[in-house]
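Coordinates from entry_37.pdb are shown below (PDB, C-alpha atoms, pLDDT in the B column).
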```pdb
ATOM      1  CA  MET A   1       0.000   0.000   0.000  1.00 81.00           C
ATOM      2  CA  SER A   2       1.328   3.419  -0.910  1.00 85.00           C
ATOM      3  CA  PRO A   3       2.072   5.982   1.825  1.00 83.00           C
ATOM      4  CA  GLU A   4      -0.781   8.173   0.521  1.00 81.00           C
ATOM      5  CA  ASN A   5      -3.252   5.298   0.761  1.00 83.00           C
ATOM      6  CA  LYS A   6      -2.084   4.449   4.289  1.00 87.00           C
ATOM      7  CA  THR A   7      -2.548   8.071   5.330  1.00 86.00           C
ATOM      8  CA  ARG A   8      -6.036   8.163   3.808  1.00 86.00           C
ATOM      9  CA  LEU A   9      -7.020   4.857   5.445  1.00 86.00           C
ATOM     10  CA  ASN A  10      -5.836   6.022   8.882  1.00 88.00           C
ATOM     11  CA  LEU A  11      -7.659   9.318   8.413  1.00 90.00           C
ATOM     12  CA  LEU A  12     -10.931   7.610   7.508  1.00 89.00           C
ATOM     13  CA  ARG A  13     -10.656   5.148  10.377  1.00 89.00           C
ATOM     14  CA  SER A  14     -10.184   8.084  12.785  1.00 91.00           C
ATOM     15  CA  ALA A  15     -13.306   9.868  11.487  1.00 94.00           C
ATOM     16  CA  PRO A  16     -16.530   9.758  13.482  1.00 95.00           C
ATOM     17  CA  LEU A  17     -18.842   6.930  12.436  1.00 95.00           C
ATOM     18  CA  ASN A  18     -22.145   7.542  10.661  1.00 96.00           C
ATOM     19  CA  LYS A  19     -21.388  11.227   9.934  1.00 97.00           C
ATOM     20  CA  TRP A  20     -20.788  13.334   6.871  1.00 98.00           C
ATOM     21  CA  ILE A  21     -17.156  14.430   6.642  1.00 97.00           C
ATOM     22  CA  ALA A  22     -15.216  16.742   4.371  1.00 97.00           C
ATOM     23  CA  LEU A  23     -11.597  16.059   3.530  1.00 95.00           C
ATOM     24  CA  SER A  24      -9.115  18.611   2.258  1.00 94.00           C
ATOM     25  CA  GLU A  25      -8.474  18.671  -1.487  1.00 92.00           C
ATOM     26  CA  ASP A  26      -5.390  16.475  -1.039  1.00 89.00           C
ATOM     27  CA  GLU A  27      -7.321  14.166   1.345  1.00 89.00           C
ATOM     28  CA  SER A  28      -4.699  14.648   4.063  1.00 88.00           C
ATOM     29  CA  HIS A  29      -6.993  15.867   6.854  1.00 92.00           C
ATOM     30  CA  ILE A  30     -10.626  16.226   7.917  1.00 96.00           C
ATOM     31  CA  ILE A  31     -11.843  19.804   7.620  1.00 96.00           C
ATOM     32  CA  ALA A  32     -15.499  19.417   8.635  1.00 97.00           C
ATOM     33  CA  VAL A  33     -17.859  16.935  10.273  1.00 97.00           C
ATOM     34  CA  GLY A  34     -21.636  17.107  10.440  1.00 97.00           C
ATOM     35  CA  GLU A  35     -24.993  15.381  10.411  1.00 97.00           C
ATOM     36  CA  THR A  36     -25.913  16.444   6.863  1.00 98.00           C
ATOM     37  CA  TYR A  37     -24.209  16.994   3.533  1.00 98.00           C
ATOM     38  CA  SER A  38     -25.343  20.637   3.526  1.00 97.00           C
ATOM     39  CA  GLU A  39     -23.880  21.265   6.960  1.00 97.00           C
ATOM     40  CA  VAL A  40     -20.497  19.859   5.968  1.00 97.00           C
ATOM     41  CA  SER A  41     -20.497  21.710   2.662  1.00 96.00           C
ATOM     42  CA  GLU A  42     -21.179  25.019   4.433  1.00 96.00           C
ATOM     43  CA  ARG A  43     -18.481  24.364   7.052  1.00 96.00           C
ATOM     44  CA  SER A  44     -16.002  23.544   4.280  1.00 96.00           C
ATOM     45  CA  ASP A  45     -16.768  26.855   2.589  1.00 95.00           C
ATOM     46  CA  LEU A  46     -16.284  28.678   5.893  1.00 96.00           C
ATOM     47  CA  ALA A  47     -12.934  26.888   6.331  1.00 94.00           C
ATOM     48  CA  GLY A  48     -11.863  28.248   2.940  1.00 95.00           C
ATOM     49  CA  VAL A  49     -11.736  24.891   1.174  1.00 94.00           C
ATOM     50  CA  SER A  50     -13.301  25.289  -2.253  1.00 89.00           C
ATOM     51  CA  ASP A  51     -13.115  21.686  -3.506  1.00 94.00           C
ATOM     52  CA  PRO A  52     -13.450  19.307  -0.541  1.00 96.00           C
ATOM     53  CA  VAL A  53     -13.992  15.559  -0.792  1.00 96.00           C
ATOM     54  CA  ILE A  54     -17.309  14.978   1.004  1.00 97.00           C
ATOM     55  CA  LEU A  55     -18.471  11.541   2.048  1.00 96.00           C
ATOM     56  CA  LYS A  56     -20.581   9.698   4.595  1.00 97.00           C
ATOM     57  CA  THR A  57     -18.823   7.363   6.984  1.00 94.00           C
ATOM     58  CA  PRO A  58     -20.457   4.002   7.671  1.00 93.00           C
ATOM     59  CA  PRO A  59     -22.111   3.089  10.984  1.00 93.00           C
ATOM     60  CA  GLN A  60     -19.311   0.571  11.460  1.00 90.00           C
ATOM     61  CA  TRP A  61     -16.120  -0.225   9.551  1.00 83.00           C
ATOM     62  CA  ALA A  62     -15.913  -3.722   8.123  1.00 82.00           C
ATOM     63  CA  PRO A  63     -12.709  -5.606   8.953  1.00 78.00           C
ATOM     64  CA  LEU A  64     -10.103  -5.662   6.195  1.00 67.00           C
ATOM     65  CA  SER A  65      -8.771  -8.913   4.883  1.00 52.00           C
ATOM     66  CA  VAL A  66      -5.661  -8.912   2.779  1.00 53.00           C
TER      67      VAL A  66
END
```
Mind turning this structure into structure tokens?
Amino acid sequence: MSPENKTRLNLLRSAPLNKWIALSEDESHIIAVGETYSEVSERSDLAGVSDPVILKTPPQWAPLSV
């Protein structure tokens, strides 16, 4: 796994479960967390991030098998 993918995986695993989150453009850190897409989008704008990666985290992470 590349260093970028490891960083992204650790970041996602540290995110609150069952929430909308916004990641920075380079996906290196979480810039906003909220209950709705709209809330996270607005908080991203207020943080000055114009092109965030917005996604919903699952209620529970499935175990990885490699």
Translate the PyMOL selection byres ((chain A and resi 44-48) around 9), as applied to the file shown, into an explicit residue set as an NGL selection string. :A and (22-24 or 31-32 or 39-43 or 49-52)
Write a file of the selected residues as a PDB file, keeping the file's coordinate frame, keeping C-alpha atoms.
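So part_5.pdb came out as:
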```
ATOM      1  CA  ALA A  22     -15.216  16.742   4.371  1.00 97.00           C
ATOM      2  CA  LEU A  23     -11.597  16.059   3.530  1.00 95.00           C
ATOM      3  CA  SER A  24      -9.115  18.611   2.258  1.00 94.00           C
ATOM      4  CA  ILE A  31     -11.843  19.804   7.620  1.00 96.00           C
ATOM      5  CA  ALA A  32     -15.499  19.417   8.635  1.00 97.00           C
ATOM      6  CA  GLU A  39     -23.880  21.265   6.960  1.00 97.00           C
ATOM      7  CA  VAL A  40     -20.497  19.859   5.968  1.00 97.00           C
ATOM      8  CA  SER A  41     -20.497  21.710   2.662  1.00 96.00           C
ATOM      9  CA  GLU A  42     -21.179  25.019   4.433  1.00 96.00           C
ATOM     10  CA  ARG A  43     -18.481  24.364   7.052  1.00 96.00           C
ATOM     11  CA  VAL A  49     -11.736  24.891   1.174  1.00 94.00           C
ATOM     12  CA  SER A  50     -13.301  25.289  -2.253  1.00 89.00           C
ATOM     13  CA  ASP A  51     -13.115  21.686  -3.506  1.00 94.00           C
ATOM     14  CA  PRO A  52     -13.450  19.307  -0.541  1.00 96.00           C
TER      15      PRO A  52
END
```
Near Leu11 (chain A), within 8 Å and counting all atoms listed in the file, which residues show up once chain neighbours fewer than 2 positions away are dropped, as a VMD selection string? chain A and resid 7 to 9 13 to 15 28 to 30
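Atom to atom, CA of Glu27 (chain A) and CA of Trp61 (chain A) stand 18.8 Å apart.
Neighbouring residues of Lys56 (chain A) at 9 Å or closer, counting all atoms listed in the file and skipping chain neighbours under 5 positions away, are Leu17, Asn18, Lys19, Trp20, Ile21, Ala22, Thr36 and Tyr37 of chain A.
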So how many Å separate CA of Glu4 (chain A) and CA of Pro58 (chain A), to one decimal?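 A separation of 21.3 Å between them.
The gap separating CA of Glu25 (chain A) from CA of Pro63 (chain A) is 26.8 Å, in Å to one decimal.
Comparing A:Asp26, A:Lys6, A:Met1, A:Gly34 by their smallest distance to Leu55 (chain A), the closest is A:Gly34 (using all atoms listed in the file).
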Please determine an axis-aligned box that encloses all atoms of region 42-60 of chain A listed in the file, with 5 Å added on each side, and express its centre and edge lengths in Å to one decimal as lines of an AutoDock Vina configuration file.
```
center_x = -16.9
center_y = 14.6
center_z = 4.0
size_x = 20.4
size_y = 38.1
size_z = 25.0
```
